[in-house]
$ cat input-v2.cif   # mmCIF, C-alpha atoms and all ligand atoms
data_final
#
loop_
_atom_site.group_PDB
_atom_site.id
_atom_site.type_symbol
_atom_site.label_atom_id
_atom_site.label_comp_id
_atom_site.auth_asym_id
_atom_site.auth_seq_id
_atom_site.Cartn_x
_atom_site.Cartn_y
_atom_site.Cartn_z
ATOM 1 C CA MET A 1265 -1.172 9.797 -23.910
ATOM 2 C CA GLY A 1266 1.644 10.210 -21.461
ATOM 3 C CA SER A 1267 1.310 8.841 -17.976
ATOM 4 C CA GLN A 1268 3.010 9.661 -14.704
ATOM 5 C CA VAL A 1269 3.666 7.641 -11.586
ATOM 6 C CA HIS A 1270 1.346 8.725 -8.773
ATOM 7 C CA GLY A 1271 2.125 6.856 -5.571
ATOM 8 C CA THR A 1272 2.081 3.290 -6.795
ATOM 9 C CA GLN A 1273 -0.369 4.031 -9.606
ATOM 10 C CA HIS A 1274 -0.272 5.549 -13.059
ATOM 11 C CA PHE A 1275 -2.570 8.252 -14.271
ATOM 12 C CA ASP A 1276 -3.493 9.592 -17.625
ATOM 13 C CA GLN A 1277 -3.162 13.279 -18.525
ATOM 14 C CA ALA A 1278 -6.263 13.122 -20.748
ATOM 15 C CA LYS A 1279 -8.438 11.852 -17.879
ATOM 16 C CA ARG A 1280 -6.872 14.452 -15.607
ATOM 17 C CA ALA A 1281 -8.024 17.203 -17.971
ATOM 18 C CA GLU A 1282 -11.657 16.040 -17.662
ATOM 19 C CA ILE A 1283 -11.714 16.492 -13.892
ATOM 20 C CA LYS A 1284 -12.974 19.834 -12.709
ATOM 21 C CA PHE A 1285 -15.093 20.859 -9.717
ATOM 22 C CA SER A 1286 -18.574 22.192 -10.419
ATOM 23 C CA ASP A 1287 -18.919 25.911 -9.761
ATOM 24 C CA ALA A 1288 -20.761 25.224 -6.482
ATOM 25 C CA ALA A 1289 -18.122 22.788 -5.256
ATOM 26 C CA MET A 1290 -15.290 25.120 -6.266
ATOM 27 C CA ALA A 1291 -16.936 27.990 -4.395
ATOM 28 C CA THR A 1292 -17.085 25.819 -1.274
ATOM 29 C CA VAL A 1293 -13.474 24.753 -1.716
ATOM 30 C CA GLN A 1294 -12.350 28.359 -2.065
ATOM 31 C CA GLU A 1295 -14.323 29.337 1.021
ATOM 32 C CA MET A 1296 -12.660 26.527 2.961
ATOM 33 C CA ILE A 1297 -9.223 27.677 1.894
ATOM 34 C CA THR A 1298 -9.953 31.160 3.247
ATOM 35 C CA ARG A 1299 -10.493 29.693 6.715
ATOM 36 C CA TYR A 1300 -6.745 29.146 7.016
ATOM 37 C CA PRO A 1301 -3.825 31.579 6.998
ATOM 38 C CA ALA A 1302 -2.280 32.400 3.625
ATOM 39 C CA GLY A 1303 0.054 29.640 2.508
ATOM 40 C CA LYS A 1304 -1.621 27.061 4.800
ATOM 41 C CA GLN A 1305 -4.208 25.920 2.244
ATOM 42 C CA LYS A 1306 -3.107 22.318 2.776
ATOM 43 C CA SER A 1307 -5.086 22.469 6.032
ATOM 44 C CA ALA A 1308 -8.258 22.279 3.933
ATOM 45 C CA LEU A 1309 -7.205 18.984 2.401
ATOM 46 C CA LEU A 1310 -9.514 16.636 4.322
ATOM 47 C CA PRO A 1311 -12.789 18.444 3.547
ATOM 48 C CA VAL A 1312 -11.674 19.138 -0.009
ATOM 49 C CA LEU A 1313 -11.075 15.428 -0.505
ATOM 50 C CA HIS A 1314 -14.598 14.738 0.752
ATOM 51 C CA ILE A 1315 -15.961 17.163 -1.799
ATOM 52 C CA ALA A 1316 -13.829 15.624 -4.535
ATOM 53 C CA GLN A 1317 -14.997 12.147 -3.630
ATOM 54 C CA ALA A 1318 -18.625 13.270 -3.753
ATOM 55 C CA GLU A 1319 -18.112 15.107 -7.046
ATOM 56 C CA PHE A 1320 -16.218 12.413 -8.899
ATOM 57 C CA GLY A 1321 -18.156 9.186 -8.443
ATOM 58 C CA GLY A 1322 -17.506 8.269 -4.813
ATOM 59 C CA TRP A 1323 -13.811 7.556 -5.065
ATOM 60 C CA LEU A 1324 -10.477 9.305 -5.514
ATOM 61 C CA SER A 1325 -8.737 8.279 -8.688
ATOM 62 C CA PRO A 1326 -5.070 9.235 -9.198
ATOM 63 C CA GLU A 1327 -6.304 11.905 -11.608
ATOM 64 C CA THR A 1328 -8.691 13.301 -8.992
ATOM 65 C CA MET A 1329 -5.955 13.392 -6.345
ATOM 66 C CA ASP A 1330 -3.682 15.176 -8.787
ATOM 67 C CA TYR A 1331 -6.425 17.702 -9.486
ATOM 68 C CA VAL A 1332 -6.935 18.328 -5.751
ATOM 69 C CA ALA A 1333 -3.187 18.863 -5.424
ATOM 70 C CA SER A 1334 -3.286 21.452 -8.182
ATOM 71 C CA VAL A 1335 -6.235 23.269 -6.580
ATOM 72 C CA LEU A 1336 -4.479 23.424 -3.208
ATOM 73 C CA HIS A 1337 -1.040 24.107 -4.712
ATOM 74 C CA ILE A 1338 0.533 21.140 -2.984
ATOM 75 C CA LYS A 1339 2.354 18.055 -4.247
ATOM 76 C CA PRO A 1340 0.307 15.067 -5.492
ATOM 77 C CA ILE A 1341 2.162 12.790 -3.076
ATOM 78 C CA GLU A 1342 0.904 14.906 -0.155
ATOM 79 C CA VAL A 1343 -2.666 14.245 -1.266
ATOM 80 C CA PHE A 1344 -2.032 10.546 -1.805
ATOM 81 C CA GLU A 1345 -0.464 10.160 1.651
ATOM 82 C CA VAL A 1346 -3.565 11.564 3.329
ATOM 83 C CA ALA A 1347 -6.114 9.868 1.059
ATOM 84 C CA SER A 1348 -4.493 6.476 1.546
ATOM 85 C CA PHE A 1349 -4.358 6.863 5.337
ATOM 86 C CA TYR A 1350 -8.044 7.411 6.159
ATOM 87 C CA SER A 1351 -10.597 4.667 5.572
ATOM 88 C CA MET A 1352 -13.312 7.152 4.564
ATOM 89 C CA TYR A 1353 -11.524 7.826 1.303
ATOM 90 C CA ASN A 1354 -11.922 5.236 -1.428
ATOM 91 C CA LEU A 1355 -8.993 4.663 -3.741
ATOM 92 C CA LYS A 1356 -10.921 2.358 -6.036
ATOM 93 C CA PRO A 1357 -14.419 2.584 -7.496
ATOM 94 C CA VAL A 1358 -17.298 1.844 -5.123
ATOM 95 C CA GLY A 1359 -21.034 1.427 -5.444
ATOM 96 C CA LYS A 1360 -23.499 4.263 -5.130
ATOM 97 C CA CYS A 1361 -24.119 3.182 -1.530
ATOM 98 C CA THR A 1362 -21.300 2.010 0.677
ATOM 99 C CA PHE A 1363 -22.448 0.170 3.778
ATOM 100 C CA GLU A 1364 -19.853 0.561 6.511
ATOM 101 C CA VAL A 1365 -20.770 -1.857 9.268
ATOM 102 C CA CYS A 1366 -19.191 -1.111 12.629
ATOM 103 C CA GLN A 1367 -17.463 -4.177 13.997
ATOM 104 C CA THR A 1368 -16.070 -2.799 17.249
ATOM 105 C CA SER A 1369 -16.954 -4.151 20.705
ATOM 106 C CA SER A 1370 -20.478 -2.869 21.339
ATOM 107 C CA CYS A 1371 -21.619 -3.639 17.795
ATOM 108 C CA TRP A 1372 -19.768 -6.931 17.736
ATOM 109 C CA LEU A 1373 -21.408 -8.021 20.999
ATOM 110 C CA ASN A 1374 -24.802 -7.083 19.585
ATOM 111 C CA GLY A 1375 -24.571 -9.065 16.381
ATOM 112 C CA ALA A 1376 -22.542 -7.009 13.891
ATOM 113 C CA GLU A 1377 -20.959 -10.151 12.520
ATOM 114 C CA ASP A 1378 -24.376 -11.635 11.773
ATOM 115 C CA ILE A 1379 -25.370 -8.383 10.068
ATOM 116 C CA VAL A 1380 -22.250 -8.483 7.894
ATOM 117 C CA ARG A 1381 -22.890 -12.123 6.920
ATOM 118 C CA TYR A 1382 -26.529 -11.295 6.189
ATOM 119 C CA ILE A 1383 -25.614 -8.393 3.900
ATOM 120 C CA GLU A 1384 -22.994 -10.528 2.163
ATOM 121 C CA LYS A 1385 -25.599 -13.199 1.443
ATOM 122 C CA LYS A 1386 -28.296 -10.752 0.472
ATOM 123 C CA LEU A 1387 -26.083 -8.788 -1.946
ATOM 124 C CA ASN A 1388 -23.983 -11.761 -3.015
ATOM 125 C CA ILE A 1389 -20.707 -9.975 -2.241
ATOM 126 C CA LYS A 1390 -17.985 -10.236 0.389
ATOM 127 C CA VAL A 1391 -16.616 -7.429 2.556
ATOM 128 C CA GLY A 1392 -14.617 -5.084 0.326
ATOM 129 C CA GLU A 1393 -16.590 -5.959 -2.791
ATOM 130 C CA THR A 1394 -19.155 -4.128 -4.912
ATOM 131 C CA THR A 1395 -22.310 -5.596 -6.440
ATOM 132 C CA LYS A 1396 -22.214 -6.231 -10.171
ATOM 133 C CA ASP A 1397 -24.812 -3.515 -10.795
ATOM 134 C CA GLY A 1398 -22.538 -0.950 -9.107
ATOM 135 C CA MET A 1399 -25.171 -0.178 -6.483
ATOM 136 C CA PHE A 1400 -23.662 -1.394 -3.198
ATOM 137 C CA THR A 1401 -20.230 -1.762 -1.620
ATOM 138 C CA LEU A 1402 -19.764 -3.483 1.731
ATOM 139 C CA LYS A 1403 -17.083 -2.426 4.178
ATOM 140 C CA VAL A 1404 -16.457 -2.905 7.878
ATOM 141 C CA ALA A 1405 -15.433 -0.011 10.076
ATOM 142 C CA GLU A 1406 -14.089 0.629 13.551
ATOM 143 C CA CYS A 1407 -16.260 2.355 16.175
ATOM 144 C CA LEU A 1408 -18.407 5.022 14.543
ATOM 145 C CA GLY A 1409 -19.429 6.585 17.839
ATOM 146 C CA SER A 1410 -22.940 5.189 18.038
ATOM 147 C CA CYS A 1411 -22.206 2.396 20.519
ATOM 148 C CA GLY A 1412 -25.454 2.846 22.468
ATOM 149 C CA THR A 1413 -27.524 1.919 19.416
ATOM 150 C CA ALA A 1414 -25.501 -1.099 18.302
ATOM 151 C CA PRO A 1415 -25.348 -2.776 15.906
ATOM 152 C CA MET A 1416 -25.165 0.004 13.375
ATOM 153 C CA LEU A 1417 -23.892 0.915 9.927
ATOM 154 C CA GLN A 1418 -23.137 4.136 8.106
ATOM 155 C CA CYS A 1419 -24.090 4.887 4.522
ATOM 156 C CA GLY A 1420 -22.876 8.269 3.331
ATOM 157 C CA ALA A 1421 -23.768 10.807 5.994
ATOM 158 C CA SER A 1422 -26.562 8.633 7.434
ATOM 159 C CA PHE A 1423 -26.354 6.357 10.456
ATOM 160 C CA HIS A 1424 -28.634 3.324 10.637
ATOM 161 C CA GLU A 1425 -28.891 1.980 14.134
ATOM 162 C CA ASN A 1426 -30.301 -0.925 16.177
ATOM 163 C CA LEU A 1427 -30.001 -3.012 13.026
ATOM 164 C CA THR A 1428 -32.018 -6.136 12.429
ATOM 165 C CA PHE A 1429 -32.171 -8.286 9.311
ATOM 166 C CA GLU A 1430 -35.522 -6.701 8.510
ATOM 167 C CA LYS A 1431 -34.040 -3.203 8.773
ATOM 168 C CA VAL A 1432 -31.233 -4.248 6.449
ATOM 169 C CA ASP A 1433 -33.798 -5.489 3.917
ATOM 170 C CA ASN A 1434 -35.580 -2.142 4.102
ATOM 171 C CA LEU A 1435 -32.345 -0.203 3.731
ATOM 172 C CA ILE A 1436 -31.348 -2.097 0.631
ATOM 173 C CA GLU A 1437 -34.737 -1.426 -0.936
ATOM 174 C CA LYS A 1438 -34.654 2.249 0.059
ATOM 175 C CA TYR A 1439 -31.230 2.889 -1.436
ATOM 176 C CA LYS A 1440 -31.979 0.876 -4.557
ATOM 177 C CA ASN A 1441 -35.009 3.053 -5.155
ATOM 178 C CA GLU A 1442 -33.089 6.288 -4.535
ATOM 179 C CA ASN A 1443 -30.449 5.103 -7.000
ATOM 180 C CA ARG A 1444 -27.955 7.896 -6.369
ATOM 181 C CA LEU A 1445 -24.487 8.303 -4.926
ATOM 182 C CA LYS A 1446 -24.506 8.589 -1.149
ATOM 183 C CA SER A 1447 -21.617 10.600 0.220
ATOM 184 C CA TYR A 1448 -20.373 12.086 3.458
ATOM 185 C CA THR A 1449 -21.336 15.469 2.033
ATOM 186 C CA ASP A 1450 -25.012 14.619 1.567
ATOM 187 C CA LEU A 1451 -25.868 17.336 4.077
ATOM 188 C CA ASP A 1452 -24.485 20.710 3.106
ATOM 189 C CA TYR A 1453 -20.709 20.973 3.129
ATOM 190 C CA GLN A 1454 -20.583 23.809 5.644
ATOM 191 C CA ASN A 1455 -22.345 21.932 8.370
ATOM 192 C CA THR A 1456 -20.968 18.461 7.925
ATOM 193 C CA LEU A 1457 -17.253 18.944 7.381
HETATM 194 S S1 LIG B 1 -18.870 -0.001 18.804
HETATM 195 FE FE1 LIG B 1 -20.109 0.301 17.051
HETATM 196 S S2 LIG B 1 -20.492 2.411 17.059
HETATM 197 FE FE2 LIG B 1 -19.126 2.135 18.733
#

$ encode --input "input-v2.cif" --output "structure tokens"
Amino acid sequence: MGSQVHGTQHFDQAKRAEIKFSDAAMATVQEMITRYPAGKQKSALLPVLHIAQAEFGGWLSPETMDYVASVLHIKPIEVFEVASFYSMYNLKPVGKCTFEVCQTSSCWLNGAEDIVRYIEKKLNIKVGETTKDGMFTLKVAECLGSCGTAPMLQCGASFHENLTFEKVDNLIEKYKNENRLKSYTDLDYQNTL
């Protein structure tokens, strides 16, 4: 099948054709678009990308970004520019649970580095990597606004605070058992975006 250049990547038209929002997600997207003046639908791009990421496996493939562009009637490069700027958007596949460990001052002073090393050892991955079973990805993040309960990490829409090694063990077990994609839209779209 033919392919096109999308940013620095190539995408496949056949894969692009398979990508389509569920009815519920599309209804939310359309409602978001109506919040902005006619012709300013690009303003809904950030929340629409969150929905897309939650709908299509936790990451934004070139095909997904192209689809979002078509829904919002904007250019694919406009979507790519935004998606590649913010760390909450994943441009490569991730695990069902992405642990984002805050590494900024308060968390760092309270042992964030030890938490990161502990998770690395426990999951046998390094920062930026995903476990072989596709369950966990480990990332570090800048201040997530929960400095008073440092050290902390975010997984989807959930904050996990005052971390200890024992809490990390429990979290890993909990998410393994849930065995589902955790996203920023885990609460309902209207209230969280
Ligand atoms: S420094 Fe970690 S949440 Fe602010």

$ residues_around --input "input-v2.cif" --residues "region 1431-1446 of chain A" --least-positions-apart "5" --cutoff "6 Å" --atoms "all atoms listed in the file" --output "list in words"
Lys1360, Cys1361 and Gly1420 of chain A

$ closest_atom_pairs --input "input-v2.cif" --of "chain A" --to "ligand LIG 1 (chain B)" --cutoff "9 Å" --atoms "only C-alpha atoms and all ligand atoms" --output "Markdown table"
| residue | atom | partner | partner_atom | distance |
| --- | --- | --- | --- | --- |
| A:Val1365 | CA | B:LIG1 | FE1 | 8.1 |
| A:Cys1366 | CA | B:LIG1 | FE1 | 4.7 |
| A:Gln1367 | CA | B:LIG1 | FE1 | 6.0 |
| A:Thr1368 | CA | B:LIG1 | S1 | 4.3 |
| A:Ser1369 | CA | B:LIG1 | S1 | 5.0 |
| A:Ser1370 | CA | B:LIG1 | S1 | 4.2 |
| A:Cys1371 | CA | B:LIG1 | FE1 | 4.3 |
| A:Trp1372 | CA | B:LIG1 | S1 | 7.1 |
| A:Leu1373 | CA | B:LIG1 | S1 | 8.7 |
| A:Ala1376 | CA | B:LIG1 | FE1 | 8.3 |
| A:Ala1405 | CA | B:LIG1 | FE1 | 8.4 |
| A:Glu1406 | CA | B:LIG1 | FE1 | 7.0 |
| A:Cys1407 | CA | B:LIG1 | FE2 | 3.8 |
| A:Leu1408 | CA | B:LIG1 | S2 | 4.2 |
| A:Gly1409 | CA | B:LIG1 | S2 | 4.4 |
| A:Ser1410 | CA | B:LIG1 | S2 | 3.8 |
| A:Cys1411 | CA | B:LIG1 | FE2 | 3.6 |
| A:Gly1412 | CA | B:LIG1 | S2 | 7.4 |
| A:Thr1413 | CA | B:LIG1 | S2 | 7.4 |
| A:Ala1414 | CA | B:LIG1 | FE1 | 5.7 |
| A:Pro1415 | CA | B:LIG1 | FE1 | 6.2 |
| A:Met1416 | CA | B:LIG1 | FE1 | 6.3 |
| A:Leu1417 | CA | B:LIG1 | S2 | 8.0 |
| A:Glu1425 | CA | B:LIG1 | S2 | 8.9 |

$ atom_distance --input "input-v2.cif" --atom1 "CA of Leu1336 (chain A)" --atom2 "CA of Ser1351 (chain A)"
21.6 Å

$ residues_around --input "input-v2.cif" --residues "Arg1299 (chain A)" --least-positions-apart "6" --cutoff "10 Å" --atoms "only C-alpha atoms" --output "number ranges by chain"
A: 1305, 1307-1308

$ atom_distance --input "input-v2.cif" --atom1 "CA of Gly1322 (chain A)" --atom2 "CA of Lys1390 (chain A)"
19.2 Å

$ closest_residue --input "input-v2.cif" --among "A:Ile1283, A:Leu1427, A:Leu1402, A:Ile1315" --to "Lys1386 (chain A)" --atoms "only C-alpha atoms"
A:Leu1402
